[in-house]
$ cat run-v2.tsv   # TSV, C-alpha atoms
chain	number	residue	atom	x	y	z
A	1	MET	CA	157.99	-10.89	36.00
A	2	GLU	CA	158.33	-7.25	35.11
A	3	PHE	CA	157.28	-5.70	31.85
A	4	GLU	CA	158.29	-2.37	30.50
A	5	PRO	CA	155.88	0.41	31.37
A	6	LYS	CA	153.82	1.44	28.40
A	7	SER	CA	154.84	5.03	28.27
A	8	LEU	CA	155.33	7.00	25.09
A	9	LEU	CA	157.97	9.15	26.71
A	10	GLU	CA	160.04	6.11	27.65
A	11	LEU	CA	160.10	4.95	24.03
A	12	GLY	CA	162.59	7.71	23.38
A	13	GLU	CA	163.01	9.69	20.20
A	14	PHE	CA	163.93	6.69	18.06
A	15	GLY	CA	161.07	4.57	19.43
A	16	LEU	CA	158.56	7.31	18.75
A	17	LYS	CA	159.81	7.87	15.22
A	18	LYS	CA	159.36	4.20	14.38
A	19	TYR	CA	155.60	4.48	14.68
A	20	TRP	CA	154.85	8.20	14.61
A	21	PRO	CA	157.49	10.09	12.64
A	22	ASN	CA	155.86	13.47	13.35
A	23	LEU	CA	155.56	12.96	17.08
A	24	ASN	CA	158.17	14.59	19.27
A	25	ALA	CA	158.38	16.73	22.40
A	26	SER	CA	157.39	19.83	20.44
A	27	THR	CA	154.27	18.33	18.86
A	28	PHE	CA	152.48	16.72	21.83
A	29	HIS	CA	152.18	16.48	25.56
A	30	LYS	CA	150.84	13.73	27.77
A	31	THR	CA	147.50	14.26	29.49
A	32	SER	CA	146.99	11.00	31.41
A	33	GLU	CA	148.70	7.81	32.51
A	34	GLU	CA	148.58	4.67	30.37
A	35	ASP	CA	145.42	2.60	30.63
A	36	PRO	CA	144.64	-0.50	28.55
A	37	ARG	CA	140.93	-0.47	29.45
A	38	TYR	CA	139.85	1.87	26.66
A	39	ASN	CA	141.06	2.51	23.16
A	40	CYS	CA	141.17	5.50	20.85
A	41	VAL	CA	137.62	4.99	19.57
A	42	ALA	CA	136.22	4.89	23.10
A	43	TRP	CA	138.30	7.93	24.05
A	44	ALA	CA	137.03	9.88	21.03
A	45	ASN	CA	133.50	9.13	22.24
A	46	ARG	CA	134.40	9.96	25.87
A	47	ILE	CA	134.16	6.37	27.14
A	48	GLN	CA	136.82	5.31	29.61
A	49	ASN	CA	135.79	1.90	30.90
A	50	GLU	CA	135.75	-0.27	27.79
A	51	ASN	CA	137.06	-0.61	24.27
A	52	VAL	CA	135.06	0.06	21.15
A	53	ASP	CA	136.51	-2.44	18.74
A	54	PHE	CA	134.88	-4.14	15.78
A	55	SER	CA	137.88	-6.34	15.03
A	56	LEU	CA	136.71	-9.01	17.48
A	57	ASP	CA	133.40	-10.85	17.31
A	58	GLU	CA	131.03	-11.43	20.25
A	59	GLU	CA	132.98	-14.48	21.38
A	60	GLY	CA	136.29	-12.66	21.29
A	61	ASP	CA	137.64	-14.26	18.12
A	62	PRO	CA	139.30	-12.04	15.53
A	63	VAL	CA	136.95	-11.25	12.65
A	64	PHE	CA	138.10	-12.11	9.19
A	65	ASP	CA	135.37	-10.24	7.32
A	66	PRO	CA	137.44	-7.42	5.78
A	67	TYR	CA	134.55	-4.96	6.21
A	68	TYR	CA	135.17	-4.88	9.97
A	69	LEU	CA	138.79	-3.96	9.43
A	70	THR	CA	137.90	-0.86	7.39
A	71	SER	CA	136.80	2.53	8.72
A	72	TYR	CA	133.15	2.08	7.74
A	73	PRO	CA	131.89	0.30	10.91
A	74	TYR	CA	133.57	3.09	12.92
A	75	VAL	CA	131.95	5.78	10.74
A	76	GLU	CA	128.58	4.09	11.38
A	77	TYR	CA	129.33	3.92	15.10
A	78	PHE	CA	130.06	7.64	15.26
A	79	GLU	CA	126.97	8.40	13.14
A	80	GLN	CA	124.91	6.57	15.75
A	81	ASN	CA	126.52	8.85	18.31
A	82	GLY	CA	125.49	12.06	16.60
A	83	TYR	CA	128.41	12.69	14.27
A	84	GLU	CA	128.10	13.31	10.55
A	85	LEU	CA	130.70	13.20	7.81
A	86	CYS	CA	132.06	16.63	6.88
A	87	ASP	CA	134.71	18.29	4.72
A	88	ASN	CA	138.33	17.33	5.26
A	89	ASP	CA	139.12	20.48	7.21
A	90	PRO	CA	140.92	20.18	10.54
A	91	SER	CA	140.28	23.79	11.55
A	92	LEU	CA	138.07	24.67	14.48
A	93	GLU	CA	134.41	25.27	13.59
A	94	ALA	CA	132.12	27.18	15.93
A	95	GLY	CA	129.43	25.00	17.49
A	96	TYR	CA	130.92	21.70	16.32
A	97	GLU	CA	133.42	19.21	17.67
A	98	LYS	CA	135.30	17.17	15.12
A	99	ILE	CA	136.99	13.82	14.93
A	100	GLY	CA	139.51	12.53	12.38
A	101	ILE	CA	139.57	8.86	11.39
A	102	TYR	CA	142.98	7.55	10.32
A	103	GLU	CA	143.29	4.85	7.74
A	104	LYS	CA	146.19	2.97	6.28
A	105	ASP	CA	146.03	0.71	3.24
A	106	GLY	CA	142.25	0.69	3.52
A	107	GLN	CA	142.31	-0.43	7.15
A	108	PHE	CA	141.07	1.50	10.13
A	109	LYS	CA	143.90	2.59	12.44
A	110	HIS	CA	143.03	5.43	14.78
A	111	VAL	CA	140.68	8.24	15.79
A	112	ALA	CA	141.59	11.65	17.21
A	113	ARG	CA	139.14	14.17	18.69
A	114	GLN	CA	139.40	17.94	18.47
A	115	LEU	CA	139.51	19.99	21.66
A	116	GLU	CA	137.97	23.39	22.35
A	117	ASN	CA	141.37	25.06	21.86
A	118	GLY	CA	141.79	23.58	18.37
A	119	ASN	CA	144.36	20.97	19.41
A	120	TRP	CA	143.63	17.27	19.14
A	121	THR	CA	143.45	14.52	21.74
A	122	SER	CA	144.31	10.87	21.14
A	123	LYS	CA	144.59	7.67	23.09
A	124	ILE	CA	147.69	6.10	21.60
A	125	GLY	CA	147.19	2.32	21.63
A	126	GLU	CA	147.78	1.14	25.18
A	127	TYR	CA	149.91	4.17	25.97
A	128	GLU	CA	148.77	7.45	27.43
A	129	ASP	CA	146.23	9.98	26.27
A	130	ILE	CA	148.01	12.85	24.58
A	131	GLU	CA	147.19	16.29	23.30
A	132	HIS	CA	148.81	16.92	19.93
A	133	TYR	CA	148.98	20.30	18.32
A	134	SER	CA	148.02	19.20	14.81
A	135	ILE	CA	146.07	16.29	13.40
A	136	GLU	CA	149.12	15.29	11.33
A	137	ALA	CA	151.21	14.70	14.46
A	138	VAL	CA	150.21	11.03	14.72
A	139	GLU	CA	150.11	10.35	11.01
A	140	GLY	CA	152.77	8.14	9.50
A	141	TYR	CA	153.55	5.56	6.88
A	142	THR	CA	156.77	4.16	8.30
A	143	TYR	CA	157.64	0.84	9.88
A	144	LYS	CA	155.66	-1.60	7.79
A	145	SER	CA	152.07	-1.67	8.96
A	146	LYS	CA	152.83	-0.29	12.40
A	147	SER	CA	151.76	3.30	12.01
A	148	TYR	CA	148.48	5.13	11.69
A	149	GLY	CA	148.51	6.19	8.06
A	150	ARG	CA	146.61	9.37	7.18
A	151	VAL	CA	143.30	10.95	8.08
A	152	ALA	CA	140.70	9.59	5.68
A	153	PHE	CA	137.48	10.95	7.20
A	154	PHE	CA	136.47	13.94	9.22
A	155	MET	CA	133.23	13.88	11.17
A	156	LYS	CA	131.57	16.53	13.30
A	157	ARG	CA	128.74	16.84	15.78
A	158	LYS	CA	127.08	19.77	17.46
A	159	ASN	CA	128.68	20.87	20.69
A	160	PRO	CA	127.86	24.33	22.03
A	161	SER	CA	131.07	24.50	24.08
A	162	PHE	CA	133.02	24.95	20.83
A	163	THR	CA	132.14	28.62	20.62
A	164	SER	CA	134.59	30.46	18.43
A	165	SER	CA	136.41	29.56	15.25
A	166	SER	CA	138.95	32.32	15.75
A	167	ILE	CA	140.91	30.59	18.52
A	168	GLU	CA	144.43	29.71	17.48
A	169	PRO	CA	145.68	26.26	18.54
A	170	GLN	CA	147.62	26.64	21.75
A	171	GLN	CA	150.73	24.82	22.72
A	172	SER	CA	151.35	23.71	26.23
A	173	PRO	CA	154.64	24.81	27.81
B	1	MET	CA	178.21	-41.35	25.23
B	2	ILE	CA	178.98	-38.04	23.66
B	3	MET	CA	176.54	-36.19	25.89
B	4	ASN	CA	178.40	-37.27	28.98
B	5	LEU	CA	181.84	-36.59	27.65
B	6	THR	CA	181.31	-33.27	26.01
B	7	LYS	CA	180.03	-29.93	27.05
B	8	MET	CA	178.16	-27.95	24.46
B	9	VAL	CA	178.45	-24.19	24.61
B	10	VAL	CA	176.22	-22.10	22.40
B	11	SER	CA	177.22	-18.51	21.96
B	12	LYS	CA	177.29	-15.75	19.40
B	13	ASN	CA	180.50	-14.73	17.71
B	14	GLU	CA	181.51	-11.23	16.62
B	15	LYS	CA	179.55	-11.64	13.36
B	16	ASN	CA	176.40	-12.37	15.36
B	17	CYS	CA	176.33	-15.99	14.17
B	18	TRP	CA	175.52	-18.81	16.52
B	19	VAL	CA	178.60	-20.82	17.35
B	20	HIS	CA	178.33	-24.29	18.75
B	21	GLN	CA	181.42	-25.17	20.64
B	22	LEU	CA	182.02	-28.68	21.85
B	23	LYS	CA	184.45	-28.77	24.72
B	24	ARG	CA	186.24	-31.91	25.81
B	25	PRO	CA	189.42	-32.17	27.85
B	26	ASP	CA	191.68	-32.57	24.80
B	27	TYR	CA	189.46	-31.41	22.02
B	28	ASP	CA	188.19	-28.03	21.01
B	29	ILE	CA	185.91	-28.30	18.04
B	30	LYS	CA	184.33	-25.18	16.67
B	31	ARG	CA	181.91	-24.76	13.89
B	32	SER	CA	179.87	-21.76	12.96
B	33	VAL	CA	176.37	-22.75	11.96
B	34	GLN	CA	173.09	-21.00	11.40
B	35	THR	CA	170.57	-22.45	13.77
B	36	TYR	CA	167.00	-21.52	14.35
B	37	ASP	CA	164.69	-21.65	17.29
B	38	THR	CA	162.75	-24.84	17.19
B	39	ARG	CA	159.30	-24.93	18.65
B	40	PHE	CA	159.81	-24.22	22.30
B	41	GLY	CA	163.12	-22.56	22.71
B	42	TYR	CA	165.31	-25.56	22.02
B	43	LYS	CA	168.24	-24.99	19.79
B	44	SER	CA	169.29	-27.78	17.53
B	45	ALA	CA	172.88	-28.82	17.58
B	46	PRO	CA	174.67	-29.25	14.27
B	47	THR	CA	173.93	-32.68	12.90
B	48	SER	CA	177.53	-33.53	12.21
B	49	LEU	CA	180.79	-31.98	13.21
B	50	SER	CA	184.17	-33.02	12.09
B	51	ARG	CA	187.66	-31.64	12.14
B	52	LYS	CA	191.01	-33.21	11.73
B	53	ARG	CA	192.91	-33.21	14.96
B	54	LYS	CA	196.57	-32.26	14.75
B	55	GLY	CA	198.67	-35.28	13.96
B	56	GLU	CA	195.88	-37.71	14.51
B	57	ASP	CA	193.08	-39.43	12.69
B	58	ASP	CA	189.87	-37.75	11.72
B	59	TRP	CA	187.63	-37.29	14.65
B	60	LYS	CA	184.03	-37.32	13.72
B	61	ILE	CA	180.74	-36.99	15.44
B	62	SER	CA	178.15	-38.82	13.46
B	63	ARG	CA	174.61	-37.69	12.73
B	64	ARG	CA	173.36	-40.05	15.42
B	65	CYS	CA	175.13	-38.03	18.06
B	66	ALA	CA	173.26	-34.80	17.38
B	67	ILE	CA	172.42	-33.16	20.65
B	68	ALA	CA	169.41	-31.01	21.41
B	69	ILE	CA	170.10	-28.56	24.17
B	70	PRO	CA	167.27	-27.03	26.12
B	71	SER	CA	168.32	-23.39	25.90
B	72	LYS	CA	165.39	-21.95	27.81
B	73	SER	CA	162.75	-23.19	30.16
B	74	VAL	CA	159.06	-22.89	29.27
B	75	GLU	CA	158.70	-20.03	31.76
B	76	GLU	CA	161.62	-18.09	30.34
B	77	ARG	CA	160.35	-18.57	26.81
B	78	PHE	CA	156.86	-17.48	27.84
B	79	PHE	CA	158.12	-14.30	29.54
B	80	GLU	CA	160.24	-13.48	26.53
B	81	LEU	CA	157.38	-13.97	24.06
B	82	ALA	CA	154.88	-12.13	26.25
B	83	LYS	CA	157.23	-9.19	26.66
B	84	GLN	CA	157.88	-9.03	22.95
B	85	TRP	CA	154.17	-9.33	22.18
B	86	LYS	CA	153.32	-6.47	24.52
B	87	ARG	CA	156.06	-4.31	23.12
B	88	GLU	CA	155.15	-4.97	19.49
B	89	THR	CA	151.41	-4.42	19.85
B	90	ALA	CA	151.22	-1.62	22.42
B	91	TYR	CA	150.94	0.95	19.62
B	92	SER	CA	147.70	-0.57	18.36
B	93	SER	CA	144.16	0.16	19.46
B	94	LEU	CA	142.74	-2.92	17.80
B	95	ALA	CA	142.52	-6.31	19.48
B	96	ASN	CA	142.72	-8.02	16.11
B	97	GLU	CA	146.29	-6.81	15.68
B	98	LYS	CA	147.19	-8.02	19.15
B	99	VAL	CA	145.81	-11.54	18.89
B	100	THR	CA	147.22	-12.17	15.43
B	101	ASN	CA	150.75	-11.22	16.48
B	102	GLN	CA	153.31	-13.96	15.88
B	103	ASN	CA	154.50	-14.06	19.50
B	104	TYR	CA	150.94	-14.46	20.70
B	105	SER	CA	150.38	-17.37	18.30
B	106	THR	CA	153.56	-19.02	19.59
B	107	ILE	CA	152.28	-18.75	23.15
B	108	ILE	CA	149.03	-20.44	22.07
B	109	GLY	CA	151.13	-23.15	20.40
B	110	MET	CA	153.12	-23.64	23.61
B	111	GLY	CA	149.82	-23.83	25.48
B	112	ILE	CA	148.77	-26.85	23.49
B	113	THR	CA	151.88	-28.79	24.58
B	114	PHE	CA	152.44	-27.37	28.06
B	115	LYS	CA	148.78	-26.69	28.81
B	116	ASP	CA	148.71	-26.37	32.62
B	117	LYS	CA	151.99	-24.50	32.82
B	118	ILE	CA	151.05	-21.91	30.19
B	119	ILE	CA	147.54	-21.41	31.58
B	120	LYS	CA	149.04	-20.75	35.02
B	121	LEU	CA	151.55	-18.30	33.59
B	122	ILE	CA	148.86	-16.44	31.66
B	123	LEU	CA	146.61	-16.27	34.70
B	124	GLN	CA	149.53	-14.97	36.78
B	125	ASP	CA	150.05	-12.23	34.21
B	126	LEU	CA	146.33	-11.51	34.15
B	127	GLU	CA	146.34	-11.09	37.94
B	128	ARG	CA	148.75	-8.19	37.50
B	129	TYR	CA	147.79	-6.65	34.19
B	130	GLU	CA	144.62	-6.23	32.16
B	131	GLU	CA	145.73	-7.70	28.89
B	132	TYR	CA	144.22	-9.37	25.85
B	133	TRP	CA	144.70	-12.93	27.08
B	134	HIS	CA	141.10	-13.93	26.42
B	135	TYR	CA	141.66	-15.37	22.97
B	136	ALA	CA	144.75	-17.34	24.05
B	137	LEU	CA	143.02	-18.79	27.11
B	138	LYS	CA	139.94	-19.62	25.06
B	139	SER	CA	142.05	-21.34	22.40
B	140	ILE	CA	144.08	-23.36	24.90
B	141	THR	CA	141.28	-24.40	27.25
B	142	ASN	CA	138.37	-24.64	24.78
B	143	GLU	CA	136.29	-22.83	27.37
B	144	ASN	CA	134.80	-19.37	27.41
B	145	PRO	CA	133.67	-18.03	30.79
B	146	VAL	CA	133.18	-14.48	29.41
B	147	PRO	CA	129.55	-13.54	28.61
B	148	LYS	CA	128.82	-12.92	24.93
B	149	GLY	CA	129.40	-9.36	23.80
B	150	ARG	CA	131.51	-8.36	26.84
B	151	VAL	CA	134.92	-9.17	25.36
B	152	ASN	CA	135.71	-5.48	24.86
B	153	ASN	CA	135.55	-4.81	28.57
B	154	LEU	CA	138.97	-5.94	29.80
B	155	SER	CA	137.99	-5.65	33.48
B	156	ILE	CA	135.09	-8.09	33.04
B	157	VAL	CA	137.20	-10.43	30.90
B	158	ARG	CA	139.94	-10.44	33.53
B	159	GLU	CA	137.50	-11.09	36.38
B	160	CYS	CA	135.80	-13.95	34.51
B	161	TRP	CA	139.07	-15.71	33.74
B	162	LEU	CA	140.47	-15.24	37.25
B	163	ASN	CA	137.27	-16.72	38.70
B	164	TRP	CA	137.56	-19.58	36.24
B	165	GLY	CA	141.18	-20.11	37.36
B	166	LYS	CA	140.13	-20.23	41.01
B	167	GLU	CA	137.33	-22.68	40.30
B	168	ASN	CA	139.79	-24.94	38.49
B	169	GLN	CA	142.42	-24.48	41.22
B	170	LEU	CA	144.96	-23.00	38.83
B	171	ILE	CA	145.56	-19.90	40.91
$ encode --input "run-v2.tsv" --output "structure tokens"
Amino acid sequence: MEFEPKSLLELGEFGLKKYWPNLNASTFHKTSEEDPRYNCVAWANRIQNENVDFSLDEEGDPVFDPYYLTSYPYVEYFEQNGYELCDNDPSLEAGYEKIGIYEKDGQFKHVARQLENGNWTSKIGEYEDIEHYSIEAVEGYTYKSKSYGRVAFFMKRKNPSFTSSSIEPQQSP
Amino acid sequence: MIMNLTKMVVSKNEKNCWVHQLKRPDYDIKRSVQTYDTRFGYKSAPTSLSRKRKGEDDWKISRRCAIAIPSKSVEERFFELAKQWKRETAYSSLANEKVTNQNYSTIIGMGITFKDKIIKLILQDLERYEEYWHYALKSITNENPVPKGRVNNLSIVRECWLNWGKENQLI
């Protein structure tokens, strides 16, 4: 039995637009191969061997407590990892790395992490890791519930490698 | 019996409607009907078909002669559902959205009827891919070989279930 490879690029323009209307060849580039072992939350926290997911309980059953489907358990998780809530400003801030938490209809959907060059990195579901040139690139309200909504929270933590706020976001060729 | 005499052909016409066509040596009865997938890929035949044959009496197939045609095998249906499930949920980072997908629920439903077959198929898939099969296997088998709190590590989940499959001689 052969399944389709989970590659964003192979979804084609129409496939991409279904979920991420702002995502196209000029707004992102791929930075790794697909890997189902970690999700966007783990990737934002630089974990690459397991998922960070509060939508399943310890036994592996889906949780039906609506609290665990909101962004708040993820905000708490990132607070435990040194982040704090900050202003909704996606620009680069010297000495801090930022993350953006996407929400749709009150439900948690996605997290993206800012890079030193001002661009953003995301693990898109089970697809690849990508670098997108703006935080809005993976936003979207199309296709019923199957998109990431909008950024609801920004969080930041100290990181000395983010040195200057004057760097303009760079686009890869 | 009707089943022996006739050959049922199910196809889609130009309007994308299912057409059940009964073919017999001297008869060609067509009727366009809306059918739906019943539980495991069987399509129901129309309950009654009738059409006046040229120059002859009415020819009627009674309700008792309704024929159920197995359109797909369990394996085919499983592959189709699994493929659709993977395609529909690949965008999501959350396991909750994967295990509550309709295709996934149908596979669990199939697993209750065709238990051994579906477990084997899932384990075969798990041998090749790290996927969220834990909840389906747990629901079908009523067993949980994965240690508490490790369900988010797909590598551990996969290893536990493959070991379980070997112990139960399903792989």
$ closest_residue --input "run-v2.tsv" --among "A:Arg46, A:Arg37, A:Lys98, A:His132" --to "chain B" --atoms "only C-alpha atoms"
A:Arg37
$ closest_atom_pairs --input "run-v2.tsv" --of "chain A" --to "chain B" --cutoff "7 Å" --atoms "only C-alpha atoms" --output "tab-separated table"
residue	atom	partner	partner_atom	distance
A:Phe3	CA	B:Lys83	CA	6.3
A:Pro36	CA	B:Glu130	CA	6.8
A:Arg37	CA	B:Leu154	CA	5.8
A:Asn39	CA	B:Ser93	CA	5.4
A:Cys40	CA	B:Ser93	CA	6.3
A:Glu50	CA	B:Asn153	CA	4.6
A:Asn51	CA	B:Asn152	CA	5.1
A:Val52	CA	B:Asn152	CA	6.7
A:Asp53	CA	B:Leu94	CA	6.3
A:Ser55	CA	B:Asn96	CA	5.2
A:Leu56	CA	B:Asn96	CA	6.2
A:Glu58	CA	B:Gly149	CA	4.4
A:Glu59	CA	B:Lys148	CA	5.7
A:Gly60	CA	B:Val151	CA	5.5
A:Asp61	CA	B:Tyr135	CA	6.4
A:Pro62	CA	B:Asn96	CA	5.3
A:Ile124	CA	B:Tyr91	CA	6.4
A:Gly125	CA	B:Ser93	CA	4.3
A:Glu126	CA	B:Ala90	CA	5.2
A:Tyr127	CA	B:Ala90	CA	6.9
$ atom_distance --input "run-v2.tsv" --atom1 "CA of Glu13 (chain A)" --atom2 "CA of Lys104 (chain A)"
22.8 Å
$ atom_distance --input "run-v2.tsv" --atom1 "CA of Thr31 (chain A)" --atom2 "CA of Gln114 (chain A)"
14.2 Å
$ closest_residue --input "run-v2.tsv" --among "A:Ser134, A:Asn119, A:Ser71, A:Gln80" --to "Glu103 (chain A)" --atoms "only C-alpha atoms"
A:Ser71
$ atom_distance --input "run-v2.tsv" --atom1 "CA of Ile130 (chain A)" --atom2 "CA of Ser147 (chain A)"
16.2 Å
$ closest_residue --input "run-v2.tsv" --among "A:Ala137, A:Val41, A:Leu85, A:Val75" --to "His29 (chain A)" --atoms "only C-alpha atoms"
A:Ala137
$ closest_residue --input "run-v2.tsv" --among "B:Asn101, B:Thr113, B:Ile119, B:Lys72" --to "Lys146 (chain A)" --atoms "all atoms listed in the file"
B:Asn101
$ residues_around --input "run-v2.tsv" --residues "Leu123 (chain B)" --least-positions-apart "4" --cutoff "8 Å" --atoms "all atoms listed in the file" --output "short mmCIF file (atom, residue, chain, number, x, y, z; two decimals) with C-alpha atoms, keeping the file's coordinate frame"
data_model
loop_
_atom_site.label_atom_id
_atom_site.label_comp_id
_atom_site.auth_asym_id
_atom_site.auth_seq_id
_atom_site.Cartn_x
_atom_site.Cartn_y
_atom_site.Cartn_z
CA ILE B 119 147.54 -21.41 31.58
CA GLU B 127 146.34 -11.09 37.94
CA TRP B 161 139.07 -15.71 33.74
CA LEU B 162 140.47 -15.24 37.25
CA GLY B 165 141.18 -20.11 37.36
CA ILE B 171 145.56 -19.90 40.91
#
$ residues_near_point --input "run-v2.tsv" --point "(136.2, 9.1, 20.5)" --cutoff "10 Å" --atoms "all atoms listed in the file" --output "PyMOL selection string"
chain A and resi 39-48+52+78+81+98-101+110-114+121-123
$ residues_around --input "run-v2.tsv" --residues "Phe114 (chain B)" --least-positions-apart "2" --cutoff "12 Å" --atoms "only C-alpha atoms" --output "list in words"
Arg39, Phe40, Ser73, Val74, Glu75, Arg77, Phe78, Thr106, Ile107, Ile108, Gly109, Met110, Gly111, Ile112, Asp116, Lys117, Ile118, Ile119, Lys120, Leu121, Ile140 and Thr141 of chain B
$ write_last_selection --input "run-v2.tsv" --atoms "C-alpha atoms" --output "compact mmCIF listing (two decimals), in the coordinates of the input"
# COMPACT_ATOMS: atom_id res chain seq x y z
CA ARG B 39 159.30 -24.93 18.65
CA PHE B 40 159.81 -24.22 22.30
CA SER B 73 162.75 -23.19 30.16
CA VAL B 74 159.06 -22.89 29.27
CA GLU B 75 158.70 -20.03 31.76
CA ARG B 77 160.35 -18.57 26.81
CA PHE B 78 156.86 -17.48 27.84
CA THR B 106 153.56 -19.02 19.59
CA ILE B 107 152.28 -18.75 23.15
CA ILE B 108 149.03 -20.44 22.07
CA GLY B 109 151.13 -23.15 20.40
CA MET B 110 153.12 -23.64 23.61
CA GLY B 111 149.82 -23.83 25.48
CA ILE B 112 148.77 -26.85 23.49
CA ASP B 116 148.71 -26.37 32.62
CA LYS B 117 151.99 -24.50 32.82
CA ILE B 118 151.05 -21.91 30.19
CA ILE B 119 147.54 -21.41 31.58
CA LYS B 120 149.04 -20.75 35.02
CA LEU B 121 151.55 -18.30 33.59
CA ILE B 140 144.08 -23.36 24.90
CA THR B 141 141.28 -24.40 27.25
$ residues_around --input "run-v2.tsv" --residues "Arg150 (chain A)" --least-positions-apart "6" --cutoff "8 Å" --atoms "only C-alpha atoms" --output "list in words"
Tyr102, Glu103, Lys104, Glu136, Glu139, Gly140 and Tyr141 of chain A
$ write_last_selection --input "run-v2.tsv" --atoms "C-alpha atoms" --output "compact mmCIF listing (two decimals), in the coordinates of the input"
# COMPACT_ATOMS: atom_id res chain seq x y z
CA TYR A 102 142.98 7.55 10.32
CA GLU A 103 143.29 4.85 7.74
CA LYS A 104 146.19 2.97 6.28
CA GLU A 136 149.12 15.29 11.33
CA GLU A 139 150.11 10.35 11.01
CA GLY A 140 152.77 8.14 9.50
CA TYR A 141 153.55 5.56 6.88
$ decode --input "run-v2.tsv" --residues "region 58-71 of chain A" --atoms "N, CA, C and O atoms" --output "PDB file, in the first residue's frame"
ATOM      1  N   GLU A  58      -3.606  10.992  29.207  1.00  0.00           N
ATOM      2  CA  GLU A  58      -2.453  10.107  29.447  1.00  0.00           C
ATOM      3  C   GLU A  58      -2.593   8.750  28.768  1.00  0.00           C
ATOM      4  O   GLU A  58      -1.620   8.108  28.401  1.00  0.00           O
ATOM      5  N   GLU A  59      -3.847   8.303  28.642  1.00  0.00           N
ATOM      6  CA  GLU A  59      -4.098   6.992  28.050  1.00  0.00           C
ATOM      7  C   GLU A  59      -4.137   7.038  26.531  1.00  0.00           C
ATOM      8  O   GLU A  59      -4.186   6.015  25.866  1.00  0.00           O
ATOM      9  N   GLY A  60      -4.181   8.246  25.987  1.00  0.00           N
ATOM     10  CA  GLY A  60      -4.243   8.382  24.537  1.00  0.00           C
ATOM     11  C   GLY A  60      -5.644   8.597  24.007  1.00  0.00           C
ATOM     12  O   GLY A  60      -5.873   8.547  22.800  1.00  0.00           O
ATOM     13  N   ASP A  61      -6.597   8.825  24.905  1.00  0.00           N
ATOM     14  CA  ASP A  61      -7.972   9.124  24.465  1.00  0.00           C
ATOM     15  C   ASP A  61      -8.110  10.625  24.223  1.00  0.00           C
ATOM     16  O   ASP A  61      -7.480  11.419  24.922  1.00  0.00           O
ATOM     17  N   PRO A  62      -8.937  11.009  23.265  1.00  0.00           N
ATOM     18  CA  PRO A  62      -9.132  12.450  23.054  1.00  0.00           C
ATOM     19  C   PRO A  62      -9.811  13.086  24.269  1.00  0.00           C
ATOM     20  O   PRO A  62     -10.729  12.494  24.833  1.00  0.00           O
ATOM     21  N   VAL A  63      -9.331  14.271  24.654  1.00  0.00           N
ATOM     22  CA  VAL A  63      -9.956  14.932  25.810  1.00  0.00           C
ATOM     23  C   VAL A  63     -11.196  15.687  25.343  1.00  0.00           C
ATOM     24  O   VAL A  63     -11.226  16.198  24.229  1.00  0.00           O
ATOM     25  N   PHE A  64     -12.182  15.709  26.181  1.00  0.00           N
ATOM     26  CA  PHE A  64     -13.388  16.438  25.817  1.00  0.00           C
ATOM     27  C   PHE A  64     -13.604  17.653  26.708  1.00  0.00           C
ATOM     28  O   PHE A  64     -14.594  18.339  26.590  1.00  0.00           O
ATOM     29  N   ASP A  65     -12.650  17.902  27.630  1.00  0.00           N
ATOM     30  CA  ASP A  65     -12.701  19.122  28.423  1.00  0.00           C
ATOM     31  C   ASP A  65     -12.279  20.260  27.494  1.00  0.00           C
ATOM     32  O   ASP A  65     -11.140  20.302  27.034  1.00  0.00           O
ATOM     33  N   PRO A  66     -13.196  21.200  27.212  1.00  0.00           N
ATOM     34  CA  PRO A  66     -12.886  22.232  26.215  1.00  0.00           C
ATOM     35  C   PRO A  66     -11.660  23.074  26.556  1.00  0.00           C
ATOM     36  O   PRO A  66     -11.039  23.645  25.670  1.00  0.00           O
ATOM     37  N   TYR A  67     -11.298  23.142  27.834  1.00  0.00           N
ATOM     38  CA  TYR A  67     -10.122  23.925  28.235  1.00  0.00           C
ATOM     39  C   TYR A  67      -8.880  23.459  27.470  1.00  0.00           C
ATOM     40  O   TYR A  67      -8.070  24.265  27.028  1.00  0.00           O
ATOM     41  N   TYR A  68      -8.750  22.145  27.302  1.00  0.00           N
ATOM     42  CA  TYR A  68      -7.546  21.594  26.668  1.00  0.00           C
ATOM     43  C   TYR A  68      -7.527  21.787  25.154  1.00  0.00           C
ATOM     44  O   TYR A  68      -6.566  21.440  24.497  1.00  0.00           O
ATOM     45  N   LEU A  69      -8.642  22.292  24.627  1.00  0.00           N
ATOM     46  CA  LEU A  69      -8.655  22.577  23.193  1.00  0.00           C
ATOM     47  C   LEU A  69      -8.369  24.052  22.919  1.00  0.00           C
ATOM     48  O   LEU A  69      -8.199  24.467  21.788  1.00  0.00           O
ATOM     49  N   THR A  70      -8.308  24.854  23.997  1.00  0.00           N
ATOM     50  CA  THR A  70      -8.015  26.284  23.824  1.00  0.00           C
ATOM     51  C   THR A  70      -6.498  26.503  23.834  1.00  0.00           C
ATOM     52  O   THR A  70      -5.730  25.549  23.981  1.00  0.00           O
ATOM     53  N   SER A  71      -6.099  27.765  23.736  1.00  0.00           N
ATOM     54  CA  SER A  71      -4.663  28.082  23.723  1.00  0.00           C
ATOM     55  C   SER A  71      -4.062  28.117  25.126  1.00  0.00           C
ATOM     56  O   SER A  71      -2.846  28.094  25.271  1.00  0.00           O
TER      57      SER A  71
END
